[in-house]
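Engineer: Can you keep this structure in mind? I'll have questions shortly.
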Amino acid sequence: MGVIGGRPNPVVAAPMAGGASTPRLAAAVSNAGGLGFVAAGYLTVAQLDDRIAEVRTLTSEPFAVNLFVPGAPGDVADVARYAERLAPVAERYGVTLGEPRHDDDDWAAKLDVVRARAVPAVSFTFGCPDAEIVASLHEVGTEVCVTVTSAGEARIAAAAGADVLCVQGMEAGAHRATFLNDPASPTGGELIGLLPLLRQVAGAVDLPLMATGGLMTGADIAAVLAAGAVAAQLGTAFLCCPESGAPAAHQRALLERSYPTTAVTRAFSGRPARGLANQFLLDHGPHAPAAYPEVHHLTRPLRAAGDPEAMSLWAGQGFAAIRPMPAADLVATLTAELAAALNAATARWAP
Ligand SMILES: Cc1cc2nc3c(=O)[nH]c(=O)nc-3n(C[C@H](O)[C@H](O)[C@H](O)COP(=O)(O)O)c2cc1C
């Protein structure tokens, strides 16, 4: 039994870069019998190392680390045009736009850290590591998970030697995991709902699948387990736990239902991501280029200005069901609901 599919509770707290994933949140979920994540994205190499060490002081249970796979730079002229468009917005907030530089999020050095720390499991998003990298993680006893959004990506991940796939439905909050940031596709490939995607991926590869996207309740988890998943990864559901490091304005917007809908946009980062449909998303989303992380760096000062209308308020489609409670209580509640939902479904269906 692997790390991801072998926990007492099939509840995984998703990696959430940008603040929400804290060592306390990861440890609380792992200590409650689920699986917690350290999100390496945007951290410095030293911060990543520190966070892994901190999780180990808070739990002796398994946990996982998530890494961003680097991609190709975007078109420089497109980025310059987007910067021109955003100039009046920056002026309004009294900030200077960020330097739209391309980087690889310290890919090689972060891989060195997770290998040196021999973490129990590593998941990848935005691409697939090559077979040599997967083998090097296996050598130190690390389980390898690749996040996929299509059957085609699942085949590539299986060929590279992944042990588990994280199947991300279109309902998911924040960035879509699509391997390519294709300028021709504003939504990051076909938007496939989680249940049909699980079926497509299961038909393409013979690997354990972790389901993610829009899951908020134990009944939701029951649905994906019935569809063949070994675990459920929930992001938005954990954003308003006291252990979450999500900004207060983000948590307030979720709890107060300040925005009725979510949408997929490149407005904030240059990669398709789902967030609450605030003014910035509506105004600029259709004009944002496929340039990640250039646009992420460009918009950082705007997002940090403190106005929720200009923040990336990442949220999955299930956000209205969010429950602010300690992470351990949420894992216990989800597990109890899961058992009740499975029993009720069995009782309703009388063969
Ligand atoms: C605030 C936020 C940040 C996220 N950051 C990451 C990340 O760093 N790496 C990653 O693989 N997924 C990230 N995700 C996506 C989750 O892994 C997961 O696919 C998603 O949360 C599932 O949808 P849900 O939010 O409806 O549960 C993030 C999600 C949210 C809400």
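Labeling convention for the structure tokens: chains A, B, ... as they appear, residues from 1 per chain, ligands from 1 in order of appearance.
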Counting only C-alpha atoms and all ligand atoms, which protein, DNA or RNA residues come within 8 Å of ligand 1, given as an mmCIF file with N, CA and C atoms, in the first residue's frame?
Structural biologist:
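Writing the result to out-v5.cif gives the following:
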data_model
loop_
_atom_site.group_PDB
_atom_site.id
_atom_site.type_symbol
_atom_site.label_atom_id
_atom_site.label_comp_id
_atom_site.auth_asym_id
_atom_site.auth_seq_id
_atom_site.Cartn_x
_atom_site.Cartn_y
_atom_site.Cartn_z
ATOM 1 N N ALA A 14 -4.842 19.380 -0.037
ATOM 2 C CA ALA A 14 -4.085 19.711 -1.251
ATOM 3 C C ALA A 14 -2.907 20.637 -0.936
ATOM 4 N N PRO A 15 -1.831 20.515 -1.737
ATOM 5 C CA PRO A 15 -0.776 21.526 -1.639
ATOM 6 C C PRO A 15 -1.353 22.852 -2.109
ATOM 7 N N MET A 16 -1.125 23.917 -1.354
ATOM 8 C CA MET A 16 -1.642 25.235 -1.750
ATOM 9 C C MET A 16 -0.541 26.264 -1.573
ATOM 10 N N ALA A 17 0.158 26.549 -2.669
ATOM 11 C CA ALA A 17 1.259 27.507 -2.641
ATOM 12 C C ALA A 17 0.710 28.912 -2.454
ATOM 13 N N GLY A 18 1.577 29.824 -2.012
ATOM 14 C CA GLY A 18 1.170 31.216 -1.872
ATOM 15 C C GLY A 18 0.683 31.541 -0.476
ATOM 16 N N GLY A 19 0.812 30.624 0.466
ATOM 17 C CA GLY A 19 0.493 30.954 1.856
ATOM 18 C C GLY A 19 -0.396 29.963 2.572
ATOM 19 N N ALA A 20 -1.415 29.419 1.864
ATOM 20 C CA ALA A 20 -2.412 28.597 2.570
ATOM 21 C C ALA A 20 -1.799 27.360 3.232
ATOM 22 N N SER A 21 -0.912 26.663 2.507
ATOM 23 C CA SER A 21 -0.305 25.445 3.070
ATOM 24 C C SER A 21 0.748 25.826 4.100
ATOM 25 N N ALA A 39 3.651 22.782 0.171
ATOM 26 C CA ALA A 39 3.611 23.307 -1.200
ATOM 27 C C ALA A 39 4.902 24.068 -1.457
ATOM 28 N N ALA A 40 5.736 23.533 -2.332
ATOM 29 C CA ALA A 40 7.059 24.141 -2.556
ATOM 30 C C ALA A 40 7.001 25.377 -3.450
ATOM 31 N N GLY A 41 5.935 25.525 -4.219
ATOM 32 C CA GLY A 41 5.839 26.619 -5.183
ATOM 33 C C GLY A 41 6.058 27.977 -4.535
ATOM 34 N N ASN A 66 4.860 19.101 -2.804
ATOM 35 C CA ASN A 66 4.447 19.359 -4.187
ATOM 36 C C ASN A 66 5.409 20.325 -4.862
ATOM 37 N N LEU A 67 5.832 19.975 -6.077
ATOM 38 C CA LEU A 67 6.766 20.813 -6.843
ATOM 39 C C LEU A 67 6.135 21.255 -8.156
ATOM 40 N N PHE A 68 6.478 22.486 -8.589
ATOM 41 C CA PHE A 68 6.062 22.998 -9.903
ATOM 42 C C PHE A 68 7.087 22.559 -10.949
ATOM 43 N N SER A 123 4.463 15.153 -5.190
ATOM 44 C CA SER A 123 3.588 15.289 -6.362
ATOM 45 C C SER A 123 4.072 16.451 -7.210
ATOM 46 N N PHE A 124 3.804 16.349 -8.497
ATOM 47 C CA PHE A 124 4.230 17.367 -9.466
ATOM 48 C C PHE A 124 3.010 17.966 -10.130
ATOM 49 N N THR A 125 3.125 19.264 -10.454
ATOM 50 C CA THR A 125 2.062 19.907 -11.222
ATOM 51 C C THR A 125 2.686 20.751 -12.325
ATOM 52 N N PHE A 126 1.922 21.066 -13.357
ATOM 53 C CA PHE A 126 2.364 21.850 -14.534
ATOM 54 C C PHE A 126 3.266 21.045 -15.462
ATOM 55 N N THR A 147 0.209 15.156 -11.350
ATOM 56 C CA THR A 147 -1.159 15.664 -11.517
ATOM 57 C C THR A 147 -1.480 15.757 -13.000
ATOM 58 N N GLN A 168 -7.083 15.835 -11.811
ATOM 59 C CA GLN A 168 -7.657 17.138 -11.458
ATOM 60 C C GLN A 168 -8.797 17.503 -12.405
ATOM 61 N N GLY A 169 -10.008 17.498 -11.871
ATOM 62 C CA GLY A 169 -11.177 17.895 -12.652
ATOM 63 C C GLY A 169 -11.223 19.401 -12.828
ATOM 64 N N GLU A 171 -13.343 21.410 -11.932
ATOM 65 C CA GLU A 171 -13.961 22.120 -10.813
ATOM 66 C C GLU A 171 -12.923 22.732 -9.880
ATOM 67 N N ALA A 172 -11.669 22.300 -10.025
ATOM 68 C CA ALA A 172 -10.624 22.589 -9.036
ATOM 69 C C ALA A 172 -10.325 24.072 -8.863
ATOM 70 N N GLY A 173 -10.015 24.443 -7.609
ATOM 71 C CA GLY A 173 -9.571 25.789 -7.306
ATOM 72 C C GLY A 173 -8.119 25.988 -7.714
ATOM 73 N N ALA A 174 -7.781 27.240 -8.046
ATOM 74 C CA ALA A 174 -6.429 27.671 -8.409
ATOM 75 C C ALA A 174 -5.963 27.062 -9.743
ATOM 76 N N HIS A 175 -4.641 26.873 -9.885
ATOM 77 C CA HIS A 175 -4.101 26.548 -11.210
ATOM 78 C C HIS A 175 -4.507 25.179 -11.716
ATOM 79 N N ARG A 176 -4.864 25.141 -12.983
ATOM 80 C CA ARG A 176 -5.019 23.864 -13.650
ATOM 81 C C ARG A 176 -3.615 23.295 -13.864
ATOM 82 N N ALA A 177 -3.520 21.984 -13.758
ATOM 83 C CA ALA A 177 -2.196 21.341 -13.772
ATOM 84 C C ALA A 177 -1.691 21.045 -15.182
ATOM 85 N N THR A 212 -9.241 15.011 -7.461
ATOM 86 C CA THR A 212 -9.251 16.370 -6.907
ATOM 87 C C THR A 212 -10.070 17.297 -7.796
ATOM 88 N N GLY A 213 -10.775 18.243 -7.130
ATOM 89 C CA GLY A 213 -11.554 19.232 -7.865
ATOM 90 C C GLY A 213 -12.985 19.308 -7.371
ATOM 91 N N GLY A 214 -13.298 20.346 -6.591
ATOM 92 C CA GLY A 214 -14.684 20.590 -6.192
ATOM 93 C C GLY A 214 -15.187 19.724 -5.054
ATOM 94 N N LEU A 215 -14.311 18.926 -4.426
ATOM 95 C CA LEU A 215 -14.760 18.014 -3.360
ATOM 96 C C LEU A 215 -14.803 18.779 -2.038
ATOM 97 N N MET A 216 -15.952 18.779 -1.387
ATOM 98 C CA MET A 216 -16.131 19.584 -0.168
ATOM 99 C C MET A 216 -16.699 18.770 0.987
ATOM 100 N N GLN A 233 -8.265 14.558 -2.815
ATOM 101 C CA GLN A 233 -7.440 15.718 -2.437
ATOM 102 C C GLN A 233 -8.313 16.968 -2.444
ATOM 103 N N LEU A 234 -8.442 17.600 -1.282
ATOM 104 C CA LEU A 234 -9.305 18.775 -1.128
ATOM 105 C C LEU A 234 -8.461 20.013 -0.850
ATOM 106 N N GLY A 235 -8.686 21.062 -1.626
ATOM 107 C CA GLY A 235 -7.959 22.302 -1.406
ATOM 108 C C GLY A 235 -8.836 23.347 -0.737
ATOM 109 N N THR A 236 -9.795 23.874 -1.503
ATOM 110 C CA THR A 236 -10.678 24.932 -1.012
ATOM 111 C C THR A 236 -11.277 24.586 0.357
ATOM 112 N N ALA A 237 -11.647 23.327 0.566
ATOM 113 C CA ALA A 237 -12.293 22.919 1.824
ATOM 114 C C ALA A 237 -11.436 23.263 3.035
ATOM 115 N N LEU A 239 -9.205 25.897 3.173
ATOM 116 C CA LEU A 239 -8.696 27.278 3.140
ATOM 117 C C LEU A 239 -9.071 28.099 4.367
ATOM 118 N N ALA A 246 -3.940 31.186 4.349
ATOM 119 C CA ALA A 246 -4.554 32.021 3.303
ATOM 120 C C ALA A 246 -4.825 33.411 3.872
ATOM 121 N N LEU A 313 -8.302 35.313 -5.710
ATOM 122 C CA LEU A 313 -9.106 34.648 -4.673
ATOM 123 C C LEU A 313 -9.407 33.223 -5.144
ATOM 124 N N TRP A 314 -8.364 32.387 -5.159
ATOM 125 C CA TRP A 314 -8.521 31.033 -5.708
ATOM 126 C C TRP A 314 -9.630 30.283 -4.975
ATOM 127 N N ALA A 315 -10.457 29.595 -5.739
ATOM 128 C CA ALA A 315 -11.552 28.817 -5.151
ATOM 129 C C ALA A 315 -12.049 27.803 -6.165
ATOM 130 N N GLY A 316 -12.399 26.613 -5.668
ATOM 131 C CA GLY A 316 -13.019 25.604 -6.514
ATOM 132 C C GLY A 316 -14.515 25.850 -6.611
ATOM 133 N N GLN A 317 -15.157 25.104 -7.522
ATOM 134 C CA GLN A 317 -16.584 25.347 -7.745
ATOM 135 C C GLN A 317 -17.450 25.008 -6.540
ATOM 136 N N GLY A 318 -16.918 24.229 -5.596
ATOM 137 C CA GLY A 318 -17.710 23.861 -4.419
ATOM 138 C C GLY A 318 -17.585 24.839 -3.268
ATOM 139 N N PHE A 319 -16.988 25.996 -3.487
ATOM 140 C CA PHE A 319 -16.575 26.877 -2.383
ATOM 141 C C PHE A 319 -17.698 27.249 -1.406
#
Engineer: For A:Ser150, please output as an mmCIF file with C-alpha atoms, in the first residue's frame all residues within 10 Å (counting only C-alpha atoms; exclusion window: fewer than 4 positions along the same chain).
Structural biologist:
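File written: around_22.cif
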data_model
loop_
_atom_site.group_PDB
_atom_site.id
_atom_site.type_symbol
_atom_site.label_atom_id
_atom_site.label_comp_id
_atom_site.auth_asym_id
_atom_site.auth_seq_id
_atom_site.Cartn_x
_atom_site.Cartn_y
_atom_site.Cartn_z
ATOM 1 C CA ALA A 154 -1.927 10.330 -17.747
ATOM 2 C CA ARG A 155 -0.206 8.164 -20.393
ATOM 3 C CA VAL A 167 -6.611 13.476 -11.450
ATOM 4 C CA GLN A 168 -7.657 17.138 -11.458
ATOM 5 C CA GLY A 169 -11.177 17.895 -12.652
ATOM 6 C CA ALA A 177 -2.196 21.341 -13.772
ATOM 7 C CA THR A 178 -2.078 21.121 -17.588
ATOM 8 C CA PHE A 179 1.392 20.145 -18.821
ATOM 9 C CA GLY A 189 -7.166 22.386 -22.385
ATOM 10 C CA GLU A 190 -10.645 20.895 -22.412
ATOM 11 C CA LEU A 191 -12.486 21.506 -19.149
ATOM 12 C CA ILE A 192 -13.427 17.972 -18.098
ATOM 13 C CA LEU A 197 -12.040 12.474 -16.245
ATOM 14 C CA LEU A 198 -11.556 9.701 -13.663
ATOM 15 C CA GLN A 200 -11.097 8.446 -19.002
ATOM 16 C CA VAL A 201 -7.849 8.206 -17.029
ATOM 17 C CA ALA A 204 -5.913 4.898 -20.235
#
Engineer: Please run DSSP on the backbone and report, as a PyMOL selection string, all residues within stretch 6-180 of chain A that come out as alpha helix (DSSP H).
Structural biologist: chain A and resi 23-31+45-58+76-93+107-116+131-139+151-160
Engineer: Quick one: residues within 9 Å of stretch 104-115 of chain A, only C-alpha atoms, excluding same-chain residues fewer than 3 positions away - as a list of chain:residue names?
Structural biologist: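 Result of the neighbour search: A:Ala40, A:Gly41, A:Tyr42, A:Leu43, A:Thr44, A:Val45, A:Ala46, A:Leu48, A:Asp49, A:Ile52, A:Val65, A:Leu67, A:Phe68, A:Val69, A:Pro70, A:Gly71, A:Ala118, A:Val119, A:Val122, A:Ile133, A:Ser136, A:Leu137, A:Glu139, A:Val140, A:Thr142, A:Pro293.
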Engineer: Taking only C-alpha atoms into account, produce a table as a tab-separated table in which each residue of stretch 199-266 of chain A with an atom at most 10 Å from an atom of stretch 271-289 of chain A appears once, together with its shortest atom pair and the distance in Å to one decimal, ordered by chain and rising number.
Structural biologist:
residue	atom	partner	partner_atom	distance
A:His250	CA	A:Leu276	CA	9.5
A:Ala253	CA	A:Leu276	CA	8.4
A:Leu254	CA	A:Leu276	CA	8.3
A:Arg257	CA	A:Leu276	CA	9.4
A:Ser258	CA	A:Leu276	CA	8.7
A:Tyr259	CA	A:Leu276	CA	6.1
A:Pro260	CA	A:Leu276	CA	7.7
A:Thr261	CA	A:Ala277	CA	5.8
A:Thr262	CA	A:Leu276	CA	4.3
A:Ala263	CA	A:Arg274	CA	5.3
A:Val264	CA	A:Arg274	CA	4.2
A:Thr265	CA	A:Pro272	CA	5.0
A:Arg266	CA	A:Pro272	CA	4.7
Engineer: Determine, counting only C-alpha atoms, which protein, DNA and RNA residues have an atom within 9 Å of an atom of A:Val11; residues of the same chain fewer than 4 positions away are not included. Present the result as a PyMOL selection string.
Structural biologist: chain A and resi 7+29+33-36+221+231-234+331+334-335
Engineer: Generate a file of the selected residues that holds all heavy atoms, formatted as a tab-separated table (two decimals), in the first residue's frame.
Structural biologist:
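Just written: again_17.tsv:
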chain	number	residue	atom	x	y	z
A	7	ARG	N	-3.45	5.68	3.64
A	7	ARG	CA	-3.68	6.35	4.92
A	7	ARG	C	-4.98	5.82	5.57
A	7	ARG	O	-5.87	5.35	4.86
A	7	ARG	CB	-3.81	7.87	4.71
A	7	ARG	CG	-2.59	8.52	4.07
A	7	ARG	CD	-1.39	8.44	4.99
A	7	ARG	NE	-1.63	9.22	6.21
A	7	ARG	CZ	-1.13	8.88	7.42
A	7	ARG	NH1	-0.39	7.79	7.55
A	7	ARG	NH2	-1.38	9.62	8.47
A	29	VAL	N	-3.39	17.48	9.42
A	29	VAL	CA	-4.12	16.54	8.57
A	29	VAL	C	-3.47	15.15	8.64
A	29	VAL	O	-4.16	14.13	8.76
A	29	VAL	CB	-4.19	17.08	7.12
A	29	VAL	CG1	-4.78	16.05	6.17
A	29	VAL	CG2	-5.02	18.37	7.09
A	33	GLY	N	-4.86	11.26	10.42
A	33	GLY	CA	-5.01	10.04	9.62
A	33	GLY	C	-5.16	10.30	8.14
A	33	GLY	O	-5.29	9.36	7.35
A	34	GLY	N	-5.16	11.58	7.74
A	34	GLY	CA	-5.17	11.92	6.32
A	34	GLY	C	-3.74	12.12	5.84
A	34	GLY	O	-2.79	11.55	6.42
A	35	LEU	N	-3.58	12.94	4.80
A	35	LEU	CA	-2.23	13.23	4.31
A	35	LEU	C	-2.10	14.73	4.08
A	35	LEU	O	-2.93	15.33	3.38
A	35	LEU	CB	-1.96	12.48	3.00
A	35	LEU	CG	-0.51	12.60	2.49
A	35	LEU	CD1	0.45	11.77	3.35
A	35	LEU	CD2	-0.41	12.13	1.03
A	36	GLY	N	-1.07	15.32	4.71
A	36	GLY	CA	-0.83	16.75	4.54
A	36	GLY	C	0.27	17.00	3.53
A	36	GLY	O	1.09	16.12	3.25
A	221	ILE	N	-16.62	12.75	-1.45
A	221	ILE	CA	-15.52	11.79	-1.42
A	221	ILE	C	-16.04	10.39	-1.73
A	221	ILE	O	-15.41	9.62	-2.46
A	221	ILE	CB	-14.79	11.86	-0.06
A	221	ILE	CG1	-14.18	13.25	0.14
A	221	ILE	CG2	-13.70	10.78	0.03
A	221	ILE	CD1	-13.62	13.51	1.53
A	231	ALA	N	-8.01	7.94	-3.09
A	231	ALA	CA	-7.95	9.05	-2.14
A	231	ALA	C	-8.56	10.29	-2.78
A	231	ALA	O	-8.71	10.36	-4.01
A	231	ALA	CB	-6.51	9.34	-1.72
A	232	ALA	N	-8.91	11.27	-1.93
A	232	ALA	CA	-9.50	12.52	-2.41
A	232	ALA	C	-8.66	13.68	-1.90
A	232	ALA	O	-8.37	13.76	-0.70
A	232	ALA	CB	-10.93	12.64	-1.90
A	233	GLN	N	-8.27	14.56	-2.82
A	233	GLN	CA	-7.44	15.72	-2.44
A	233	GLN	C	-8.31	16.97	-2.44
A	233	GLN	O	-8.85	17.36	-3.48
A	233	GLN	CB	-6.28	15.84	-3.43
A	233	GLN	CG	-5.38	17.04	-3.14
A	233	GLN	CD	-4.17	17.09	-4.06
A	233	GLN	OE1	-3.21	16.36	-3.87
A	233	GLN	NE2	-4.22	17.93	-5.07
A	234	LEU	N	-8.44	17.60	-1.28
A	234	LEU	CA	-9.30	18.78	-1.13
A	234	LEU	C	-8.46	20.01	-0.85
A	234	LEU	O	-7.62	20.00	0.05
A	234	LEU	CB	-10.29	18.58	0.04
A	234	LEU	CG	-11.47	17.62	-0.15
A	234	LEU	CD1	-11.02	16.17	-0.29
A	234	LEU	CD2	-12.43	17.73	1.02
A	331	VAL	N	-11.15	16.73	8.97
A	331	VAL	CA	-10.84	15.36	8.51
A	331	VAL	C	-11.80	14.37	9.16
A	331	VAL	O	-12.36	13.49	8.49
A	331	VAL	CB	-9.37	14.98	8.82
A	331	VAL	CG1	-9.11	13.52	8.48
A	331	VAL	CG2	-8.41	15.88	8.03
A	334	LEU	N	-15.34	14.83	7.65
A	334	LEU	CA	-15.40	14.29	6.28
A	334	LEU	C	-15.44	12.76	6.31
A	334	LEU	O	-16.18	12.13	5.55
A	334	LEU	CB	-14.17	14.76	5.48
A	334	LEU	CG	-14.14	16.25	5.11
A	334	LEU	CD1	-12.75	16.65	4.62
A	334	LEU	CD2	-15.19	16.56	4.03
A	335	THR	N	-14.66	12.17	7.22
A	335	THR	CA	-14.60	10.70	7.28
A	335	THR	C	-15.93	10.13	7.78
A	335	THR	O	-16.42	9.12	7.25
A	335	THR	CB	-13.43	10.28	8.19
A	335	THR	OG1	-12.25	10.95	7.75
A	335	THR	CG2	-13.18	8.78	8.12
Engineer: Excluding A:Val134 and any residue of its chain fewer than 4 positions from it, enumerate the residues within 10 Å of it, using only C-alpha atoms, and give them as a compact mmCIF listing (two decimals) with all heavy atoms, in the first residue's frame.
Structural biologist:
# COMPACT_ATOMS: atom_id res chain seq x y z
N VAL A 122 6.11 12.78 -3.22
CA VAL A 122 6.23 14.05 -3.94
C VAL A 122 5.21 14.05 -5.06
O VAL A 122 5.07 13.06 -5.79
CB VAL A 122 7.65 14.24 -4.53
CG1 VAL A 122 7.70 15.44 -5.45
CG2 VAL A 122 8.67 14.42 -3.40
N CYS A 128 5.37 16.90 -16.32
CA CYS A 128 5.78 15.57 -15.86
C CYS A 128 7.30 15.51 -15.79
O CYS A 128 7.98 15.82 -16.77
CB CYS A 128 5.25 14.53 -16.85
SG CYS A 128 5.61 12.85 -16.33
N PRO A 129 7.86 15.12 -14.65
CA PRO A 129 9.32 14.98 -14.57
C PRO A 129 9.76 13.83 -15.47
O PRO A 129 8.98 12.91 -15.73
CB PRO A 129 9.55 14.64 -13.11
CG PRO A 129 8.28 14.01 -12.64
CD PRO A 129 7.17 14.67 -13.44
N ASP A 130 11.00 13.88 -15.97
CA ASP A 130 11.42 12.78 -16.84
C ASP A 130 11.73 11.53 -16.01
O ASP A 130 11.83 11.58 -14.77
CB ASP A 130 12.56 13.19 -17.78
CG ASP A 130 13.78 13.67 -17.04
OD1 ASP A 130 14.06 13.10 -15.98
OD2 ASP A 130 14.43 14.61 -17.52
N HIS A 138 12.59 7.41 -6.53
CA HIS A 138 12.35 6.03 -6.08
C HIS A 138 13.55 5.49 -5.30
O HIS A 138 13.40 4.76 -4.32
CB HIS A 138 12.07 5.13 -7.29
CG HIS A 138 10.70 5.33 -7.86
ND1 HIS A 138 10.35 4.94 -9.13
CD2 HIS A 138 9.58 5.90 -7.34
CE1 HIS A 138 9.09 5.25 -9.37
NE2 HIS A 138 8.61 5.84 -8.29
N GLU A 139 14.75 5.90 -5.73
CA GLU A 139 15.96 5.42 -5.05
C GLU A 139 16.02 5.80 -3.58
O GLU A 139 16.59 5.07 -2.77
CB GLU A 139 17.21 6.00 -5.73
CG GLU A 139 17.91 5.01 -6.63
CD GLU A 139 18.93 5.70 -7.51
OE1 GLU A 139 19.69 6.55 -6.99
OE2 GLU A 139 18.94 5.41 -8.72
N THR A 142 10.93 7.54 -2.18
CA THR A 142 9.83 8.50 -2.31
C THR A 142 8.80 8.03 -3.34
O THR A 142 9.17 7.63 -4.45
CB THR A 142 10.39 9.88 -2.74
OG1 THR A 142 11.24 10.37 -1.70
CG2 THR A 142 9.29 10.89 -3.00
N GLU A 143 7.54 8.10 -2.94
CA GLU A 143 6.45 7.79 -3.88
C GLU A 143 6.25 8.99 -4.80
O GLU A 143 6.27 10.14 -4.33
CB GLU A 143 5.18 7.51 -3.08
CG GLU A 143 3.97 7.15 -3.92
CD GLU A 143 2.83 6.65 -3.02
OE1 GLU A 143 2.99 5.59 -2.40
OE2 GLU A 143 1.80 7.34 -2.94
N VAL A 144 6.01 8.75 -6.09
CA VAL A 144 5.91 9.84 -7.06
C VAL A 144 4.49 9.91 -7.63
O VAL A 144 3.96 8.93 -8.14
CB VAL A 144 6.94 9.66 -8.21
CG1 VAL A 144 6.74 10.73 -9.27
CG2 VAL A 144 8.35 9.71 -7.65
N CYS A 145 3.92 11.10 -7.53
CA CYS A 145 2.57 11.37 -8.03
C CYS A 145 2.65 12.49 -9.06
O CYS A 145 3.37 13.48 -8.85
CB CYS A 145 1.69 11.79 -6.85
SG CYS A 145 0.02 12.30 -7.29
N ALA A 157 2.62 10.43 -17.90
CA ALA A 157 3.06 10.24 -16.51
C ALA A 157 3.32 8.77 -16.21
O ALA A 157 4.30 8.42 -15.53
CB ALA A 157 2.02 10.81 -15.55
N ALA A 160 6.60 7.73 -17.61
CA ALA A 160 7.76 8.25 -16.87
C ALA A 160 7.98 7.49 -15.56
O ALA A 160 8.98 7.73 -14.88
CB ALA A 160 7.55 9.74 -16.58
N GLY A 161 7.03 6.62 -15.18
CA GLY A 161 7.22 5.80 -13.99
C GLY A 161 6.49 6.27 -12.75
O GLY A 161 6.79 5.81 -11.64
N ALA A 162 5.51 7.18 -12.91
CA ALA A 162 4.75 7.65 -11.74
C ALA A 162 4.08 6.48 -11.04
O ALA A 162 3.65 5.51 -11.68
CB ALA A 162 3.69 8.66 -12.19
N ASP A 163 3.99 6.57 -9.69
CA ASP A 163 3.34 5.53 -8.90
C ASP A 163 1.85 5.77 -8.76
O ASP A 163 1.07 4.84 -8.59
CB ASP A 163 3.94 5.51 -7.48
CG ASP A 163 5.44 5.32 -7.50
OD1 ASP A 163 5.88 4.25 -7.95
OD2 ASP A 163 6.16 6.25 -7.10
Engineer: As a list in words, please: every residue in stretch 31-190 of chain A that DSSP puts in strand (DSSP E).
Structural biologist: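 DSSP-assigned strand (DSSP E) residues in stretch 31-190 of chain A: Gly36, Phe37, Val38, Ala39, Phe63, Ala64, Val65, Asn66, Leu67, Phe68, Ala121, Val122, Ser123, Phe124, Thr125, Glu143, Val144, Cys145, Val146, Thr147, Val148, Val164, Leu165, Cys166, Val167, Gln168, Ala174 and His175 of chain A.
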Engineer: Of the residues A:Ala320, A:Val79, A:Ala248, A:Ala222, which is the one nearest to A:Ala344, using only C-alpha atoms?
Structural biologist: A:Ala222
Engineer: Just want the 10 Å neighbourhood of stretch 83-88 of chain A, counted on only C-alpha atoms, with same-chain residues fewer than 6 positions away dropped. Output as a short mmCIF file (atom, residue, chain, number, x, y, z; two decimals) with N, CA, C and O atoms, in the first residue's frame.
Structural biologist:
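Once everything was written out, this is around13.cif:
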data_model
loop_
_atom_site.label_atom_id
_atom_site.label_comp_id
_atom_site.auth_asym_id
_atom_site.auth_seq_id
_atom_site.Cartn_x
_atom_site.Cartn_y
_atom_site.Cartn_z
N ALA A 77 6.49 40.23 -26.21
CA ALA A 77 5.66 41.33 -26.69
C ALA A 77 4.26 41.25 -26.08
O ALA A 77 3.67 42.28 -25.70
N GLY A 94 -1.35 52.95 -6.50
CA GLY A 94 -0.11 53.56 -6.03
C GLY A 94 1.03 52.57 -5.90
O GLY A 94 1.85 52.68 -4.97
N VAL A 95 1.08 51.58 -6.80
CA VAL A 95 2.17 50.60 -6.76
C VAL A 95 2.86 50.54 -8.12
O VAL A 95 2.32 51.04 -9.12
N THR A 96 4.04 49.94 -8.15
CA THR A 96 4.76 49.73 -9.40
C THR A 96 4.60 48.26 -9.79
O THR A 96 4.75 47.38 -8.93
N LEU A 97 4.32 48.00 -11.06
CA LEU A 97 4.17 46.61 -11.50
C LEU A 97 5.48 45.86 -11.28
O LEU A 97 6.57 46.44 -11.33
N GLY A 98 5.38 44.54 -11.08
CA GLY A 98 6.57 43.72 -10.85
C GLY A 98 7.33 43.44 -12.14
O GLY A 98 6.82 43.66 -13.24
N GLU A 99 8.55 42.97 -12.00
CA GLU A 99 9.40 42.61 -13.14
C GLU A 99 8.89 41.27 -13.71
O GLU A 99 8.90 40.25 -13.01
N PRO A 100 8.44 41.26 -14.98
CA PRO A 100 7.83 40.03 -15.50
C PRO A 100 8.88 39.00 -15.96
O PRO A 100 8.99 38.69 -17.14
N PHE A 280 -10.99 42.36 -11.16
CA PHE A 280 -9.74 42.22 -11.92
C PHE A 280 -9.84 41.05 -12.90
O PHE A 280 -9.45 41.16 -14.07
N HIS A 284 -9.63 41.86 -16.88
CA HIS A 284 -8.35 41.61 -17.54
C HIS A 284 -8.15 40.17 -18.02
O HIS A 284 -7.28 39.92 -18.86
N HIS A 287 -7.64 39.32 -21.66
CA HIS A 287 -6.49 39.96 -22.32
C HIS A 287 -5.15 39.41 -21.84
O HIS A 287 -4.11 39.82 -22.33
N ALA A 288 -5.18 38.51 -20.87
CA ALA A 288 -3.92 38.05 -20.27
C ALA A 288 -3.22 37.04 -21.16
O ALA A 288 -3.86 36.13 -21.68
N VAL A 295 3.63 36.70 -15.72
CA VAL A 295 2.46 37.49 -15.31
C VAL A 295 2.26 37.41 -13.79
O VAL A 295 1.84 38.38 -13.15
N LEU A 298 4.53 39.99 -12.54
CA LEU A 298 4.04 41.31 -12.96
C LEU A 298 2.92 41.81 -12.04
O LEU A 298 2.90 42.98 -11.64
N THR A 299 1.99 40.92 -11.70
CA THR A 299 0.79 41.36 -10.96
C THR A 299 0.97 41.30 -9.44
O THR A 299 0.07 41.72 -8.70
N LEU A 302 0.08 44.38 -7.41
CA LEU A 302 -1.36 44.68 -7.47
C LEU A 302 -2.12 43.78 -6.50
O LEU A 302 -3.00 44.22 -5.76
#
Engineer: Measuring atom to atom with only C-alpha atoms, identify which of A:Ala345, A:Cys241, A:Glu309, A:Glu294 is nearest to A:Ala80.
Structural biologist: A:Glu294
